[in-house]
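Each remark here refers to the structure printed beneath this line.
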Amino acid sequence: MKPFFTSAPALGILLACSAGVVQATHTPDKLPVVTVNGGRPSSLPTQIPTTIESISGAQVEQRINATDSEDALKYFPSLNVRKRYIGDYDHAVLASRASGTGNSARSLVYADGILLSNLLGNGATFTPRWGMVSPEEIERVDVLYGPFSAAYPGNSAGAVVDFQTRMPTRLEAHVKLSAFSQRYRQYATDDRFGGGQGSASVGNRQGAWSWWVDVSRLDSRGQPIAFANKLVSTGVNSAAGLPVSGAVLDKNSANKDWLIIGASGQSHTVQDHAKIKLAYDVSPVLRASYTLGWWGNDAHRATETYLRDANGAPVYRGDANGFINVGGRRYELKASDLAPSIGKLEHLMHGFSLKQHSKGVWDWEVAASKYDYAKDLVRTPVVPVANIDQTGRGNVTDMGGSGWTTLALKAIWRPIASHIVDMGVQSDTAALRTRVFSSSDWIGAGDGATVSTFNGNTRLRSLYAQDTWRFAPQWKTTLGMRLERWSAYGGDVSNTASVAPLPFGERSETSWSPKAALAWQATDEWAFKASAGRAVRNPTAAELFQGSIVDQQIVNRDPNLRAERSWTGELTAERMTSDTSLRATLFHETTRDALYSQALTNLVNTVQNVDKIRTNGVEMAWQGDDVMVHGLTINSSLTYADSGIVQNRGFAASVGKRQPRVPQWRANLLTTYHLGRDWAGSVGVRYSGKQYGTLDNTDPNGATYMGVSSYLVADLRVRYKISKQWSAALGIDNVNNARYWAFHPYTQRTAVAELRFDL
């Protein structure tokens, strides 16, 4: 193993352990698959002999400073969520082994089987709807790595995450209050940001009925996430312009000199969450369930100028012509440089299922869900304003009416003891609705003249079947096939000069995705697995229906945009004892026609196909209980990924470069020590190596705004059980106060305090 670690000296503290968050369990006479002990069953196909990792809600509460539901994934092998601040609702994208934080459509996130992934588009602004799950309602989180189940579409190429939330078996109630604070210093910003959170839930089971009500509120002031800037080279030697001081000289991601002239995107977000879950046992083996979720968000993103005039007054606009002068160079100060924004969002989620769980020859399920942008307004001024309350002309972006629906008919057939056959029919539909209108009052406008519209729909209809077959006492295989019919329709775009929206052509394609997995239980402790699968990730509406209008023609787009096609495989060796588990996984992925934004012309970037990306890697996972001393648990992981662009006819300079935002090295370590029954302390360490944000890797400086940096971050948590009902916790995330970036800055050292009551 020595050569494996020599390229990662920064990981010396992790060499003793490389592991998953929660191990799969097995008995000596059975193949190792994930076993769920009590609680609600996972919607994941846990009988497939491939990599599945899990963590319980109790472990999250004990070990992790979880202020948002995605924090439950913080220490999973090879996973990373780009959460910029507490309550980050529009950029917290999930990355996996061979997919970066710019590829939101290459993973799937569910809550109780209801789709939370935002497949309206692909990228930072199409983040999963994490806010529909509060950390306190989590019972368990399961993660399936790779596209190895025929039950999921090609968006599962990276991973499938399934949150299972609480459903009571008796009367129970929970209340939690928390507060958090960080001191943030960057460029000329030096301030304290923080907030608070409260949640309450109650549920019961009475005869055939069970119910659960969960409410929460988050009030968070995050640090600035963007910084207005001017390249020094764009300045004109001149005495013209308003003389200003206060600009901070720095280097951008390409190591070019630029001036940082202000901070923007300082988010004050107030998020409310409410959920009602009902279940009725029609019979001992048939259950009907309904979930209604509501999420509301009032978000204000403020700006702060660093510029001062000769009298020391803050400068948000230049002279009469909009120019400023810094050190004898003239620059244009645009309204968009320091533009605040106001968001008002209300989203609804419905989920219904009727499921038979007899464990007999046949079981079946009917499931449907709907996610609706009931209200989604973002307001931005187009004239310079000094604060977020100053009125003036502006634009309003309305995405109301966007959303997605799913429908699935599933069955399980057990003809004989050695066969389990899963089959189903699915339909997934996504509708993107975007209208931008202008008004003289950007804060209070209810409507105005249309600036642009952008609409489109996609639909995926699927048929799948897979057979898990134990063909010998120590052998098991799963063979599956998925047939998909994808279509895109109803796309149109308009601008202020359009007489009517211009339509896009309709598209449809058919694809097949085979799956296979094999496992061998060599001894009571050792097992070996192999998995392979094809994934077809079709373009989203935002990727497909794009472009601009010139002379009443849609231009600046790729009309022949193709689906991503990935072949993924992994080989795994596992050793499990009563108190430890060790897993080593070799993985490979070849993706053809990967969907990335790149230059179409000298002035225009648009989504195009990258011919071929190849990733090879190794993932190590180790978990131990009572390590050296009683009460010490260690979970850790170490991942190496060599991910590169092999062929790209559209951008030759990118060939041979690393895939954006996929680091060579990742590592996580989470140690928890239980002192008696009442005290528990955890130390977590997260590491990510060098990354790039561009296809041609021309951004070597990651330690700046718009850069993508490596990082080594340590987290602390101490929890005390005061009594049977009361508990308290104190924690610090990023205790070493690392400054690290993924285009935007992450949080610096943040303290968290919690008080919880459980009945």
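Within each chain, counting starts at residue 1; across the structure tokens, chains are named A, B, ... in the order shown, with ligands numbered 1 upward in that order.
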Set the distance at 8 Å and use only C-alpha atoms: which residues neighbour Asp309 of chain A once local chain neighbours fewer than 6 positions away are removed? I'd like the list as a ChimeraX atom specification. /A:242-245,315
Store the residues picked out above, limited to N, CA, C and O atoms, as an mmCIF file, in the first residue's frame.
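Below you can see out_33.cif, which holds the result:
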```
data_model
loop_
_atom_site.group_PDB
_atom_site.id
_atom_site.type_symbol
_atom_site.label_atom_id
_atom_site.label_comp_id
_atom_site.auth_asym_id
_atom_site.auth_seq_id
_atom_site.Cartn_x
_atom_site.Cartn_y
_atom_site.Cartn_z
ATOM 1 N N LEU A 242 -14.733 58.976 -10.949
ATOM 2 C CA LEU A 242 -14.769 59.384 -9.552
ATOM 3 C C LEU A 242 -13.605 58.749 -8.805
ATOM 4 O O LEU A 242 -13.513 57.511 -8.728
ATOM 5 N N PRO A 243 -12.692 59.521 -8.233
ATOM 6 C CA PRO A 243 -11.564 58.930 -7.495
ATOM 7 C C PRO A 243 -12.064 58.189 -6.249
ATOM 8 O O PRO A 243 -12.857 58.723 -5.473
ATOM 9 N N VAL A 244 -11.615 56.970 -6.087
ATOM 10 C CA VAL A 244 -12.039 56.149 -4.953
ATOM 11 C C VAL A 244 -10.837 55.430 -4.363
ATOM 12 O O VAL A 244 -9.811 55.242 -5.022
ATOM 13 N N SER A 245 -10.992 55.021 -3.117
ATOM 14 C CA SER A 245 -10.007 54.181 -2.436
ATOM 15 C C SER A 245 -10.734 52.974 -1.856
ATOM 16 O O SER A 245 -11.958 52.892 -1.888
ATOM 17 N N VAL A 315 -19.172 54.219 -1.847
ATOM 18 C CA VAL A 315 -19.465 54.485 -3.255
ATOM 19 C C VAL A 315 -20.135 53.264 -3.871
ATOM 20 O O VAL A 315 -19.546 52.171 -3.903
#
```
Counting only C-alpha atoms, what is within 6 Å of Gly731 of chain A, bar same-chain residues fewer than 3 positions away, as an mmCIF file with N, CA, C and O atoms, in the first residue's frame?
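Okay, selection.cif is ready:
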```cif
data_model
loop_
_atom_site.group_PDB
_atom_site.id
_atom_site.type_symbol
_atom_site.label_atom_id
_atom_site.label_comp_id
_atom_site.auth_asym_id
_atom_site.auth_seq_id
_atom_site.Cartn_x
_atom_site.Cartn_y
_atom_site.Cartn_z
ATOM 1 N N LEU A 716 -15.591 19.553 15.514
ATOM 2 C CA LEU A 716 -15.709 19.028 16.869
ATOM 3 C C LEU A 716 -17.172 19.014 17.288
ATOM 4 O O LEU A 716 -17.950 19.883 16.895
ATOM 5 N N ARG A 717 -17.529 18.041 18.124
ATOM 6 C CA ARG A 717 -18.880 18.009 18.696
ATOM 7 C C ARG A 717 -18.842 17.261 20.028
ATOM 8 O O ARG A 717 -18.206 16.202 20.140
ATOM 9 N N ALA A 751 -19.345 28.112 15.363
ATOM 10 C CA ALA A 751 -19.746 27.459 16.611
ATOM 11 C C ALA A 751 -21.247 27.181 16.578
ATOM 12 O O ALA A 751 -22.034 27.994 16.094
ATOM 13 N N VAL A 752 -21.628 26.019 17.123
ATOM 14 C CA VAL A 752 -23.028 25.592 17.139
ATOM 15 C C VAL A 752 -23.377 25.132 18.549
ATOM 16 O O VAL A 752 -22.607 24.393 19.181
#
```
Which residue of A:Asn605, A:Leu120, A:Gly351, A:Pro745 approaches Thr458 of chain A most closely, using only C-alpha atoms: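 Among the listed residues, A:Leu120 lies closest to Thr458 of chain A.
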What separation in Å, quoted to one decimal, exists between atom CA of Ala431 of chain A and atom CA of Gly491 of chain A?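 We find that atom CA of Ala431 of chain A and atom CA of Gly491 of chain A lie 9.7 Å from each other.
The shortest atom-to-atom distance to Thr750 of chain A, with only C-alpha atoms taken into account, belongs to A:Phe180 out of A:Phe180, A:Phe148, A:Tyr280, A:Phe76.
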Nearest to Val175 of chain A among A:Asn602, A:Asn387, A:Ser201, A:Gln47, with distances taken over only C-alpha atoms: which residue is it?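 Of A:Asn602, A:Asn387, A:Ser201, A:Gln47, the one nearest Val175 of chain A, counting only C-alpha atoms, is A:Ser201.
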When you look at Glu589 of chain A with a cut-off of 12 Å (counting only C-alpha atoms), what residues show up, excluding the ones that are within fewer than 3 positions of it in the same chain? I need them as a count of residues only. 34
Set the distance at 8 Å and use only C-alpha atoms: which residues neighbour Gln426 of chain A once local chain neighbours fewer than 2 positions away are removed? I'd like the list as a list in words. Thr406, Leu407, Ala408, Leu409, Gly424, Asp428, Leu460, Arg461, Ser462 and Leu463 of chain A
Next, dump the selected residues to file, keeping only all heavy atoms, as a PDB file, in the first residue's frame.
```
ATOM      1  N   THR A 406     -43.845  12.377 -10.531  1.00  0.00           N
ATOM      2  CA  THR A 406     -43.399  11.007 -10.748  1.00  0.00           C
ATOM      3  C   THR A 406     -44.561  10.053 -10.499  1.00  0.00           C
ATOM      4  O   THR A 406     -45.434  10.310  -9.672  1.00  0.00           O
ATOM      5  CB  THR A 406     -42.233  10.629  -9.815  1.00  0.00           C
ATOM      6  OG1 THR A 406     -42.700  10.565  -8.457  1.00  0.00           O
ATOM      7  CG2 THR A 406     -41.103  11.641  -9.909  1.00  0.00           C
ATOM      8  N   LEU A 407     -44.561   8.955 -11.226  1.00  0.00           N
ATOM      9  CA  LEU A 407     -45.544   7.882 -11.049  1.00  0.00           C
ATOM     10  C   LEU A 407     -44.832   6.571 -11.268  1.00  0.00           C
ATOM     11  O   LEU A 407     -44.085   6.418 -12.252  1.00  0.00           O
ATOM     12  CB  LEU A 407     -46.705   8.028 -12.036  1.00  0.00           C
ATOM     13  CG  LEU A 407     -47.749   6.904 -12.029  1.00  0.00           C
ATOM     14  CD1 LEU A 407     -48.462   6.851 -10.681  1.00  0.00           C
ATOM     15  CD2 LEU A 407     -48.748   7.093 -13.162  1.00  0.00           C
ATOM     16  N   ALA A 408     -45.029   5.620 -10.358  1.00  0.00           N
ATOM     17  CA  ALA A 408     -44.354   4.328 -10.462  1.00  0.00           C
ATOM     18  C   ALA A 408     -45.296   3.204 -10.046  1.00  0.00           C
ATOM     19  O   ALA A 408     -46.014   3.320  -9.043  1.00  0.00           O
ATOM     20  CB  ALA A 408     -43.098   4.306  -9.587  1.00  0.00           C
ATOM     21  N   LEU A 409     -45.273   2.148 -10.814  1.00  0.00           N
ATOM     22  CA  LEU A 409     -45.953   0.895 -10.495  1.00  0.00           C
ATOM     23  C   LEU A 409     -44.876  -0.170 -10.360  1.00  0.00           C
ATOM     24  O   LEU A 409     -44.174  -0.480 -11.329  1.00  0.00           O
ATOM     25  CB  LEU A 409     -46.946   0.515 -11.599  1.00  0.00           C
ATOM     26  CG  LEU A 409     -47.939   1.597 -12.044  1.00  0.00           C
ATOM     27  CD1 LEU A 409     -48.787   1.083 -13.200  1.00  0.00           C
ATOM     28  CD2 LEU A 409     -48.822   2.022 -10.882  1.00  0.00           C
ATOM     29  N   GLY A 424     -40.957  -2.959 -12.806  1.00  0.00           N
ATOM     30  CA  GLY A 424     -41.767  -1.763 -12.635  1.00  0.00           C
ATOM     31  C   GLY A 424     -41.905  -0.948 -13.902  1.00  0.00           C
ATOM     32  O   GLY A 424     -41.178  -1.134 -14.879  1.00  0.00           O
ATOM     33  N   ASP A 428     -41.597   9.987 -15.291  1.00  0.00           N
ATOM     34  CA  ASP A 428     -41.073  11.175 -14.626  1.00  0.00           C
ATOM     35  C   ASP A 428     -41.184  12.350 -15.590  1.00  0.00           C
ATOM     36  O   ASP A 428     -40.660  12.286 -16.714  1.00  0.00           O
ATOM     37  CB  ASP A 428     -39.613  10.985 -14.212  1.00  0.00           C
ATOM     38  CG  ASP A 428     -39.420   9.783 -13.304  1.00  0.00           C
ATOM     39  OD1 ASP A 428     -40.230   9.611 -12.394  1.00  0.00           O
ATOM     40  OD2 ASP A 428     -38.467   9.015 -13.527  1.00  0.00           O
ATOM     41  N   LEU A 460     -39.706  11.166 -19.063  1.00  0.00           N
ATOM     42  CA  LEU A 460     -38.988   9.894 -19.147  1.00  0.00           C
ATOM     43  C   LEU A 460     -39.932   8.778 -18.731  1.00  0.00           C
ATOM     44  O   LEU A 460     -40.384   8.732 -17.584  1.00  0.00           O
ATOM     45  CB  LEU A 460     -37.758   9.913 -18.232  1.00  0.00           C
ATOM     46  CG  LEU A 460     -36.810   8.717 -18.362  1.00  0.00           C
ATOM     47  CD1 LEU A 460     -36.130   8.725 -19.731  1.00  0.00           C
ATOM     48  CD2 LEU A 460     -35.772   8.720 -17.247  1.00  0.00           C
ATOM     49  N   ARG A 461     -40.234   7.889 -19.673  1.00  0.00           N
ATOM     50  CA  ARG A 461     -41.062   6.720 -19.387  1.00  0.00           C
ATOM     51  C   ARG A 461     -40.178   5.488 -19.432  1.00  0.00           C
ATOM     52  O   ARG A 461     -39.436   5.298 -20.403  1.00  0.00           O
ATOM     53  CB  ARG A 461     -42.205   6.620 -20.392  1.00  0.00           C
ATOM     54  CG  ARG A 461     -43.252   7.714 -20.204  1.00  0.00           C
ATOM     55  CD  ARG A 461     -44.270   7.729 -21.299  1.00  0.00           C
ATOM     56  NE  ARG A 461     -45.350   8.672 -21.018  1.00  0.00           N
ATOM     57  CZ  ARG A 461     -46.232   9.088 -21.904  1.00  0.00           C
ATOM     58  NH1 ARG A 461     -46.179   8.635 -23.149  1.00  0.00           N
ATOM     59  NH2 ARG A 461     -47.179   9.955 -21.561  1.00  0.00           N
ATOM     60  N   SER A 462     -40.281   4.658 -18.398  1.00  0.00           N
ATOM     61  CA  SER A 462     -39.314   3.586 -18.223  1.00  0.00           C
ATOM     62  C   SER A 462     -39.993   2.275 -17.865  1.00  0.00           C
ATOM     63  O   SER A 462     -41.044   2.261 -17.207  1.00  0.00           O
ATOM     64  CB  SER A 462     -38.311   3.945 -17.111  1.00  0.00           C
ATOM     65  OG  SER A 462     -37.798   5.244 -17.281  1.00  0.00           O
ATOM     66  N   LEU A 463     -39.348   1.214 -18.274  1.00  0.00           N
ATOM     67  CA  LEU A 463     -39.752  -0.146 -17.931  1.00  0.00           C
ATOM     68  C   LEU A 463     -38.497  -0.875 -17.488  1.00  0.00           C
ATOM     69  O   LEU A 463     -37.465  -0.821 -18.176  1.00  0.00           O
ATOM     70  CB  LEU A 463     -40.376  -0.838 -19.148  1.00  0.00           C
ATOM     71  CG  LEU A 463     -40.759  -2.311 -18.993  1.00  0.00           C
ATOM     72  CD1 LEU A 463     -41.911  -2.457 -18.005  1.00  0.00           C
ATOM     73  CD2 LEU A 463     -41.146  -2.898 -20.355  1.00  0.00           C
TER      74      LEU A 463
END
```
Could you pull the residues within 9 Å of Asp758 of chain A, counting only C-alpha atoms, minus those fewer than 2 positions along the same chain, as a list in words? Glu172, Ala173, His174, Val175, Lys176, Lys724, Gln725, Trp726, Ser727 and Arg756 of chain A
Those in segment 257-358 of chain A with strand (DSSP E or B) from DSSP, as a PyMOL selection string: chain A and resi 257-283+286-305+308+314+323-326+329-332+341-356
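Note that the spacing between atom CA of Leu333 of chain A and atom CA of Gly312 of chain A amounts to 17.8 Å.
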Atomic separation - atom CA of Trp520 of chain A relative to atom CA of Lys476 of chain A, Å: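 Distance between the two atoms: 6.8 Å.
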Nearest residue to Glu619 of chain A out of A:Gln474, A:Thr434, A:Ser427, A:Thr639, using only C-alpha atoms? A:Thr639
Extract, using only C-alpha atoms, all DNA, RNA and protein residues at most 8 Å from Glu525 of chain A, discarding same-chain residues fewer than 6 positions from it, and format them as a VMD selection string. chain A and resid 28 574 to 577
Write out the residues from the selection above, keeping N, CA and C atoms, as a PDB file, in the first residue's frame.
```pdb
ATOM      1  N   PRO A  28     -22.561 -15.295   8.931  1.00  0.00           N
ATOM      2  CA  PRO A  28     -21.584 -16.106   8.231  1.00  0.00           C
ATOM      3  C   PRO A  28     -22.149 -16.921   7.080  1.00  0.00           C
ATOM      4  N   GLU A 574     -14.371  -7.045   0.741  1.00  0.00           N
ATOM      5  CA  GLU A 574     -14.836  -6.637   2.067  1.00  0.00           C
ATOM      6  C   GLU A 574     -14.436  -7.665   3.110  1.00  0.00           C
ATOM      7  N   ARG A 575     -14.011  -7.160   4.239  1.00  0.00           N
ATOM      8  CA  ARG A 575     -13.759  -8.026   5.388  1.00  0.00           C
ATOM      9  C   ARG A 575     -14.563  -7.500   6.562  1.00  0.00           C
ATOM     10  N   MET A 576     -15.393  -8.366   7.146  1.00  0.00           N
ATOM     11  CA  MET A 576     -16.239  -7.957   8.259  1.00  0.00           C
ATOM     12  C   MET A 576     -16.052  -8.902   9.433  1.00  0.00           C
ATOM     13  N   THR A 577     -15.861  -8.283  10.608  1.00  0.00           N
ATOM     14  CA  THR A 577     -15.838  -9.037  11.853  1.00  0.00           C
ATOM     15  C   THR A 577     -16.929  -8.472  12.747  1.00  0.00           C
TER      16      THR A 577
END
```
